[in-house]
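Peer 1: Contents are TSV, C-alpha atoms; file name model_17.tsv:
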```tsv
chain	number	residue	atom	x	y	z
N	1473	MET	CA	9.52	13.00	-13.35
N	1474	SER	CA	6.04	14.60	-13.54
N	1475	ASP	CA	4.40	16.43	-10.63
N	1476	ALA	CA	2.12	13.43	-10.06
N	1477	ASN	CA	5.15	11.21	-9.59
N	1478	LYS	CA	7.33	13.54	-7.52
N	1479	ASN	CA	6.50	11.66	-4.32
N	1480	VAL	CA	7.45	8.28	-5.84
N	1481	ILE	CA	10.65	6.99	-4.28
N	1482	LEU	CA	10.64	3.58	-5.97
N	1483	LYS	CA	9.28	2.55	-9.36
N	1484	VAL	CA	9.36	-0.93	-10.89
N	1485	ASP	CA	8.65	-0.52	-14.60
N	1486	ASP	CA	7.70	-3.53	-16.75
N	1487	VAL	CA	10.35	-5.78	-15.17
N	1488	SER	CA	10.86	-9.34	-16.40
N	1489	MET	CA	13.50	-11.81	-15.26
N	1490	ARG	CA	14.62	-14.85	-17.24
N	1491	PHE	CA	16.84	-17.62	-15.95
N	1492	ARG	CA	18.45	-20.31	-18.10
N	1493	MET	CA	18.61	-23.75	-16.52
N	1494	ALA	CA	20.56	-26.74	-17.79
N	1495	ASN	CA	18.37	-29.67	-18.80
N	1496	ASP	CA	21.15	-32.19	-18.22
N	1497	ARG	CA	21.88	-33.57	-14.77
N	1498	VAL	CA	25.44	-32.39	-14.16
N	1499	THR	CA	27.15	-33.65	-11.03
N	1500	SER	CA	30.33	-31.52	-11.01
N	1501	ILE	CA	31.76	-28.22	-12.23
N	1502	LYS	CA	34.30	-30.18	-14.31
N	1503	GLU	CA	31.53	-32.07	-16.09
N	1504	MET	CA	29.62	-28.84	-16.75
N	1505	ALA	CA	32.76	-27.16	-18.17
N	1506	THR	CA	33.41	-30.14	-20.46
N	1507	LEU	CA	29.84	-30.14	-21.77
N	1508	LEU	CA	29.91	-26.38	-22.31
N	1509	LEU	CA	33.14	-26.62	-24.31
N	1510	ARG	CA	31.54	-29.29	-26.49
N	1511	ASN	CA	28.32	-27.25	-26.84
N	1512	LYS	CA	26.39	-30.21	-25.52
N	1513	VAL	CA	24.52	-28.49	-22.70
N	1514	GLU	CA	20.86	-27.85	-23.43
N	1515	PHE	CA	19.15	-25.03	-21.57
N	1516	LYS	CA	15.54	-24.29	-20.90
N	1517	GLU	CA	14.25	-20.82	-20.10
N	1518	PHE	CA	12.39	-20.00	-16.91
N	1519	TRP	CA	10.70	-16.62	-16.45
N	1520	ALA	CA	10.73	-15.79	-12.75
N	1521	LEU	CA	8.99	-12.44	-13.40
N	1522	LYS	CA	6.85	-11.24	-16.29
N	1523	ASN	CA	6.12	-7.56	-16.88
N	1524	VAL	CA	5.95	-6.56	-13.22
N	1525	SER	CA	5.13	-2.88	-12.59
N	1526	PHE	CA	4.30	-0.92	-9.45
N	1527	ASP	CA	5.50	2.15	-7.61
N	1528	VAL	CA	5.99	3.10	-3.98
N	1529	LYS	CA	5.57	6.58	-2.54
N	1530	LYS	CA	7.91	8.04	0.03
N	1531	GLY	CA	7.00	6.87	3.54
N	1532	GLU	CA	4.71	4.06	2.37
N	1533	VAL	CA	4.84	0.53	3.74
N	1534	VAL	CA	4.00	-1.77	0.85
N	1535	GLY	CA	3.47	-5.48	1.39
N	1536	ILE	CA	4.26	-8.08	-1.25
N	1537	ILE	CA	2.32	-11.33	-1.00
N	1538	GLY	CA	2.12	-14.49	-3.09
N	1539	ARG	CA	2.59	-18.19	-2.83
N	1540	ASN	CA	6.00	-19.88	-2.96
N	1541	GLY	CA	7.59	-19.43	-6.38
N	1542	ALA	CA	5.46	-16.43	-7.34
N	1543	GLY	CA	8.53	-14.19	-7.71
N	1544	LYS	CA	8.55	-12.22	-4.45
N	1545	SER	CA	12.20	-12.72	-3.52
N	1546	THR	CA	13.35	-12.20	-7.11
N	1547	THR	CA	11.48	-8.88	-7.15
N	1548	LEU	CA	13.21	-7.74	-3.96
N	1549	LYS	CA	16.64	-8.77	-5.26
N	1550	ILE	CA	16.10	-6.79	-8.46
N	1551	ILE	CA	14.93	-3.72	-6.52
N	1552	SER	CA	17.97	-4.05	-4.24
N	1553	GLY	CA	20.34	-4.24	-7.21
N	1554	ILE	CA	21.47	-7.80	-6.45
N	1555	LEU	CA	20.00	-9.02	-9.74
N	1556	LYS	CA	19.73	-7.16	-13.04
N	1557	PRO	CA	16.38	-7.65	-14.80
N	1558	THR	CA	16.29	-9.19	-18.26
N	1559	THR	CA	13.96	-6.40	-19.38
N	1560	GLY	CA	12.45	-3.36	-17.69
N	1561	SER	CA	13.92	-0.91	-15.20
N	1562	VAL	CA	13.85	0.16	-11.56
N	1563	TYR	CA	13.96	3.78	-10.35
N	1564	ARG	CA	15.39	4.20	-6.85
N	1565	GLY	CA	15.02	7.62	-5.26
N	1566	GLY	CA	16.84	6.89	-2.01
N	1567	ARG	CA	19.43	4.72	-0.28
N	1568	ILE	CA	18.25	1.12	-0.02
N	1569	VAL	CA	19.07	-1.24	2.83
N	1570	PRO	CA	18.13	-4.81	1.82
N	1571	MET	CA	17.38	-7.20	4.68
N	1572	LEU	CA	17.14	-10.29	2.48
N	1573	GLU	CA	19.91	-12.61	3.59
N	1574	LEU	CA	21.03	-11.14	6.89
N	1575	GLY	CA	24.76	-11.43	7.46
N	1576	SER	CA	25.53	-12.51	3.87
N	1577	GLY	CA	27.92	-9.58	3.41
N	1578	PHE	CA	29.94	-10.26	6.57
N	1579	ASP	CA	33.57	-11.41	6.69
N	1580	HIS	CA	33.58	-14.32	9.13
N	1581	ASP	CA	37.28	-13.89	9.95
N	1582	LEU	CA	36.65	-10.37	11.26
N	1583	THR	CA	35.18	-9.43	14.63
N	1584	GLY	CA	31.66	-8.13	15.11
N	1585	HIS	CA	33.19	-4.69	15.72
N	1586	GLU	CA	35.03	-4.79	12.38
N	1587	ASN	CA	31.99	-6.10	10.54
N	1588	ILE	CA	29.90	-3.15	11.70
N	1589	PHE	CA	32.21	-0.85	9.74
N	1590	LEU	CA	32.57	-3.26	6.82
N	1591	ASN	CA	28.85	-3.84	6.42
N	1592	GLY	CA	28.06	-0.18	7.03
N	1593	ALA	CA	30.51	0.81	4.29
N	1594	VAL	CA	28.87	-1.66	1.90
N	1595	LEU	CA	25.55	0.02	2.67
N	1596	GLY	CA	27.12	3.37	1.77
N	1597	TYR	CA	27.61	4.97	5.19
N	1598	PRO	CA	30.80	6.92	6.00
N	1599	LYS	CA	33.07	5.79	8.82
N	1600	GLU	CA	32.38	8.85	10.99
N	1601	TYR	CA	28.63	8.21	10.82
N	1602	LEU	CA	29.13	4.57	11.82
N	1603	LYS	CA	31.38	5.64	14.71
N	1604	ALA	CA	28.58	7.89	15.95
N	1605	LYS	CA	26.08	5.02	15.69
N	1606	TYR	CA	28.41	2.29	17.01
N	1607	ASP	CA	27.28	2.29	20.67
N	1608	GLU	CA	23.64	2.24	19.60
N	1609	ILE	CA	24.23	-0.70	17.23
N	1610	LEU	CA	26.11	-2.63	19.93
N	1611	ALA	CA	23.46	-1.97	22.57
N	1612	PHE	CA	20.63	-3.03	20.25
N	1613	SER	CA	22.43	-6.24	19.23
N	1614	GLU	CA	22.93	-7.26	22.90
N	1615	LEU	CA	26.26	-8.88	21.96
N	1616	GLY	CA	28.30	-7.33	24.76
N	1617	ASP	CA	31.92	-8.53	24.83
N	1618	PHE	CA	31.22	-10.95	21.96
N	1619	ILE	CA	31.49	-7.94	19.65
N	1620	ASN	CA	35.29	-8.30	19.87
N	1621	ILE	CA	35.56	-11.93	18.72
N	1622	PRO	CA	35.50	-13.22	15.11
N	1623	ILE	CA	31.95	-13.80	13.96
N	1624	ARG	CA	32.83	-17.34	12.80
N	1625	ASN	CA	32.31	-18.14	16.50
N	1626	TYR	CA	28.81	-16.62	16.56
N	1627	SER	CA	25.64	-18.65	16.66
N	1628	SER	CA	23.19	-18.00	13.83
N	1629	GLY	CA	21.03	-16.00	16.26
N	1630	MET	CA	23.93	-13.74	17.24
N	1631	LEU	CA	24.79	-13.16	13.59
N	1632	MET	CA	21.21	-12.24	12.74
N	1633	ARG	CA	20.99	-9.84	15.70
N	1634	LEU	CA	24.14	-8.01	14.59
N	1635	ALA	CA	22.98	-7.79	10.96
N	1636	PHE	CA	19.51	-6.59	11.97
N	1637	SER	CA	21.00	-3.98	14.31
N	1638	ILE	CA	23.28	-2.54	11.61
N	1639	ALA	CA	20.52	-2.48	9.00
N	1640	THR	CA	17.91	-0.75	11.15
N	1641	VAL	CA	19.91	1.55	13.43
N	1642	VAL	CA	21.38	3.43	10.45
N	1643	ASN	CA	17.91	4.75	9.47
N	1644	PRO	CA	17.63	3.70	5.81
N	1645	GLU	CA	15.52	5.69	3.35
N	1646	ILE	CA	14.17	2.49	1.78
N	1647	LEU	CA	14.11	-0.75	3.75
N	1648	ILE	CA	13.63	-4.07	1.94
N	1649	VAL	CA	12.42	-6.79	4.29
N	1650	ASP	CA	11.97	-10.49	3.49
N	1651	GLU	CA	10.51	-12.58	6.31
N	1652	ILE	CA	13.09	-11.57	8.91
N	1653	LEU	CA	11.03	-10.51	11.92
N	1654	SER	CA	11.77	-13.82	13.66
N	1655	VAL	CA	15.31	-12.72	14.58
N	1656	GLY	CA	16.86	-14.15	17.74
N	1657	ASP	CA	14.97	-15.21	20.86
N	1658	GLU	CA	11.46	-14.14	21.86
N	1659	ASN	CA	12.62	-10.96	23.64
N	1660	PHE	CA	14.71	-9.84	20.66
N	1661	GLN	CA	11.84	-10.65	18.29
N	1662	ARG	CA	9.61	-8.26	20.24
N	1663	LYS	CA	12.33	-5.63	20.16
N	1664	SER	CA	12.98	-6.07	16.43
N	1665	TYR	CA	9.25	-5.83	15.70
N	1666	ALA	CA	9.05	-2.62	17.74
N	1667	ARG	CA	12.06	-1.24	15.84
N	1668	MET	CA	10.41	-2.05	12.51
N	1669	MET	CA	7.25	-0.24	13.61
N	1670	GLU	CA	9.34	2.74	14.73
N	1671	LEU	CA	10.99	2.95	11.30
N	1672	MET	CA	7.67	2.66	9.52
N	1673	HIS	CA	6.07	5.40	11.60
N	1674	GLY	CA	9.21	7.54	11.26
N	1675	GLY	CA	9.00	8.00	7.51
N	1676	THR	CA	11.16	5.12	6.24
N	1677	THR	CA	9.79	3.62	3.04
N	1678	VAL	CA	9.40	-0.14	3.45
N	1679	LEU	CA	8.85	-3.06	1.08
N	1680	PHE	CA	7.79	-6.01	3.16
N	1681	VAL	CA	7.38	-9.65	2.05
N	1682	SER	CA	5.59	-12.00	4.41
N	1683	HIS	CA	3.43	-15.12	4.31
N	1684	ASP	CA	1.75	-13.88	7.50
N	1685	LEU	CA	-1.33	-11.93	6.36
N	1686	ASN	CA	-1.87	-10.61	9.89
N	1687	GLN	CA	1.54	-8.89	9.73
N	1688	ILE	CA	0.68	-7.51	6.29
N	1689	ARG	CA	-2.67	-6.20	7.53
N	1690	ASN	CA	-1.14	-4.61	10.63
N	1691	MET	CA	1.94	-3.06	9.05
N	1692	CYS	CA	1.20	-2.09	5.44
N	1693	ASN	CA	-0.51	0.78	3.60
N	1694	ARG	CA	-0.88	-1.05	0.28
N	1695	VAL	CA	-0.31	-4.57	-1.03
N	1696	VAL	CA	1.11	-6.04	-4.25
N	1697	TRP	CA	-0.09	-9.58	-4.95
N	1698	LEU	CA	2.19	-11.64	-7.21
N	1699	GLU	CA	0.89	-14.78	-8.85
N	1700	ASP	CA	2.38	-16.86	-11.66
N	1701	HIS	CA	5.38	-14.47	-11.81
N	1702	THR	CA	3.31	-11.37	-12.56
N	1703	VAL	CA	1.15	-8.82	-10.73
N	1704	LYS	CA	-2.29	-10.21	-9.93
N	1705	MET	CA	-3.58	-7.25	-7.91
N	1706	ILE	CA	-2.42	-4.00	-6.31
N	1707	GLY	CA	-4.33	-1.87	-3.87
N	1708	ASP	CA	-5.94	-1.48	-0.47
N	1709	VAL	CA	-4.63	-3.85	2.20
N	1710	LYS	CA	-7.99	-5.32	3.22
N	1711	GLU	CA	-9.24	-5.65	-0.36
N	1712	VAL	CA	-6.12	-7.44	-1.64
N	1713	CYS	CA	-5.66	-9.66	1.43
N	1714	ASP	CA	-9.33	-10.68	1.39
N	1715	ALA	CA	-9.11	-11.57	-2.32
N	1716	TYR	CA	-5.88	-13.49	-1.74
N	1717	LYS	CA	-7.50	-15.65	0.94
N	1718	LEU	CA	-10.34	-16.74	-1.37
```
Could you render the structure as structure tokens?
Peer 2:
Amino acid sequence: MSDANKNVILKVDDVSMRFRMANDRVTSIKEMATLLLRNKVEFKEFWALKNVSFDVKKGEVVGIIGRNGAGKSTTLKIISGILKPTTGSVYRGGRIVPMLELGSGFDHDLTGHENIFLNGAVLGYPKEYLKAKYDEILAFSELGDFINIPIRNYSSGMLMRLAFSIATVVNPEILIVDEILSVGDENFQRKSYARMMELMHGGTTVLFVSHDLNQIRNMCNRVVWLEDHTVKMIGDVKEVCDAYKL
């Protein structure tokens, strides 16, 4: 990497993503399997992203905006490694914690306590580090004694609080955030917002998707505007947000 790019921690390079969707209305897996075996399923191509490129410097908070279907969530999933792009590449210069579908990696038969170590391991943190952070994660989640019961008994709010606590207390190098600041009740929302701001001011690199332009204006250094599955505009927060509103 050249000297000019040494501070780049994340680079999305000419990324496109194609999905193939069946034209036929199939009502069951059995029916789909039968049609596939007979080569009678017709597919149409859908490009969720087309030649998307941008980079993020270490410590930046970059907002991603765009209307529904523009490709925002697909972009975050590709950056997080959940999806592999059809073409193009992603350079990741640090450990990524994706906060896309909070709690999706949990085992619902395990307790909250056990899921802290399971989810932390999935994120790449050693057991000793998670032990050192355990009390902090528990305190932030406000779960108390519920931490020792299987999470299948948790409300959705309790599950989100635990997932948010694990993801943010472990101090990720790159945090991927998709519309998740409305976690739990009003008091926890204020606390989670404050925690996000603490991470952002503490040097964590953040990619942040939101439909709330006020959040984007208040929290971001730069903005990427996606429209029709490609990059419409990249740049200064006020300039891009003002153009987006027109």
Peer 1: Could you list, with a cut-off of 12 Å and counting all atoms listed in the file, the residues of stretch 1556-1602 of chain N near stretch 1611-1635 of chain N, each shown with its nearest atom pair and the distance in Å rounded to one decimal, rows sorted by chain and ascending number, as a Markdown table?
Peer 2:
```
| residue | atom | partner | partner_atom | distance |
| --- | --- | --- | --- | --- |
| N:Val1569 | CA | N:Ala1635 | CA | 11.1 |
| N:Pro1570 | CA | N:Ala1635 | CA | 10.8 |
| N:Met1571 | CA | N:Ala1635 | CA | 8.4 |
| N:Leu1572 | CA | N:Ala1635 | CA | 10.6 |
| N:Glu1573 | CA | N:Met1632 | CA | 9.2 |
| N:Leu1574 | CA | N:Ala1635 | CA | 5.6 |
| N:Gly1575 | CA | N:Ala1635 | CA | 5.4 |
| N:Ser1576 | CA | N:Ala1635 | CA | 8.9 |
| N:Gly1577 | CA | N:Ala1635 | CA | 9.2 |
| N:Phe1578 | CA | N:Ile1623 | CA | 8.4 |
| N:Asp1579 | CA | N:Ile1623 | CA | 7.8 |
| N:His1580 | CA | N:Arg1624 | CA | 4.8 |
| N:Asp1581 | CA | N:Pro1622 | CA | 5.5 |
| N:Leu1582 | CA | N:Pro1622 | CA | 4.9 |
| N:Thr1583 | CA | N:Pro1622 | CA | 3.8 |
| N:Gly1584 | CA | N:Ile1619 | CA | 4.5 |
| N:His1585 | CA | N:Ile1619 | CA | 5.4 |
| N:Glu1586 | CA | N:Asn1620 | CA | 8.3 |
| N:Asn1587 | CA | N:Ile1623 | CA | 8.4 |
| N:Ile1588 | CA | N:Leu1634 | CA | 8.1 |
| N:Phe1589 | CA | N:Ala1635 | CA | 11.6 |
| N:Leu1590 | CA | N:Ala1635 | CA | 11.4 |
| N:Asn1591 | CA | N:Ala1635 | CA | 8.4 |
| N:Gly1592 | CA | N:Ala1635 | CA | 10.0 |
| N:Leu1595 | CA | N:Ala1635 | CA | 11.7 |
```
Peer 1: Within 8 Å of N:Ile1536, counting only C-alpha atoms, which residues show up once you throw out same-chain ones fewer than 5 positions away? Write them as a VMD selection string, please.
Peer 2: chain N and resid 1544 1679 to 1682 1695 to 1698
Peer 1: Here is a test: counting all atoms listed in the file, which residue of N:Val1484, N:Leu1602, N:Leu1685, N:Cys1713 is nearest to N:Leu1548?
Peer 2: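 Using all atoms listed in the file, N:Leu1548 sits closest to N:Val1484.
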Peer 1: Could you tell me how far atom CA of N:Trp1519 lies from atom CA of N:Lys1556, in Å and to one decimal?
Peer 2: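 Between these atoms lies a distance of 13.5 Å.
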Peer 1: What is the distance, in Å and to one decimal place, between atom CA of N:Arg1667 and atom CA of N:Thr1640?
Peer 2: 7.5 Å
Peer 1: So what do you get for atom CA of N:Val1562 versus atom CA of N:Met1672, distance-wise?
Peer 2: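 These two atoms are separated by 22.1 Å.
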Peer 1: Which residue gives the smallest distance to N:Tyr1601 among N:Val1641, N:Met1669, N:Ile1568, N:Ile1550, with only C-alpha atoms counted?
Peer 2: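 Of the candidates, the smallest distance to N:Tyr1601 is held by N:Val1641.
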Peer 1: Which residues come within 10 Å of N:Ile1481, counting all atoms listed in the file, excluding same-chain residues fewer than 3 positions away, as a list in words?
Peer 2: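 That gives Asn1477, Lys1478, Asp1527, Val1528, Lys1529, Lys1530, Gly1531, Glu1532, Tyr1563, Arg1564, Gly1565, Gly1566, Arg1567, Glu1645, Ile1646 and Thr1677 of chain N.
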Peer 1: Restrict the selected residues to C-alpha atoms and save them as a tab-separated table (two decimals), keeping the file's coordinate frame.
Peer 2:
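Generated file (out.tsv):
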```tsv
chain	number	residue	atom	x	y	z
N	1477	ASN	CA	5.15	11.21	-9.59
N	1478	LYS	CA	7.33	13.54	-7.52
N	1527	ASP	CA	5.50	2.15	-7.61
N	1528	VAL	CA	5.99	3.10	-3.98
N	1529	LYS	CA	5.57	6.58	-2.54
N	1530	LYS	CA	7.91	8.04	0.03
N	1531	GLY	CA	7.00	6.87	3.54
N	1532	GLU	CA	4.71	4.06	2.37
N	1563	TYR	CA	13.96	3.78	-10.35
N	1564	ARG	CA	15.39	4.20	-6.85
N	1565	GLY	CA	15.02	7.62	-5.26
N	1566	GLY	CA	16.84	6.89	-2.01
N	1567	ARG	CA	19.43	4.72	-0.28
N	1645	GLU	CA	15.52	5.69	3.35
N	1646	ILE	CA	14.17	2.49	1.78
N	1677	THR	CA	9.79	3.62	3.04
```
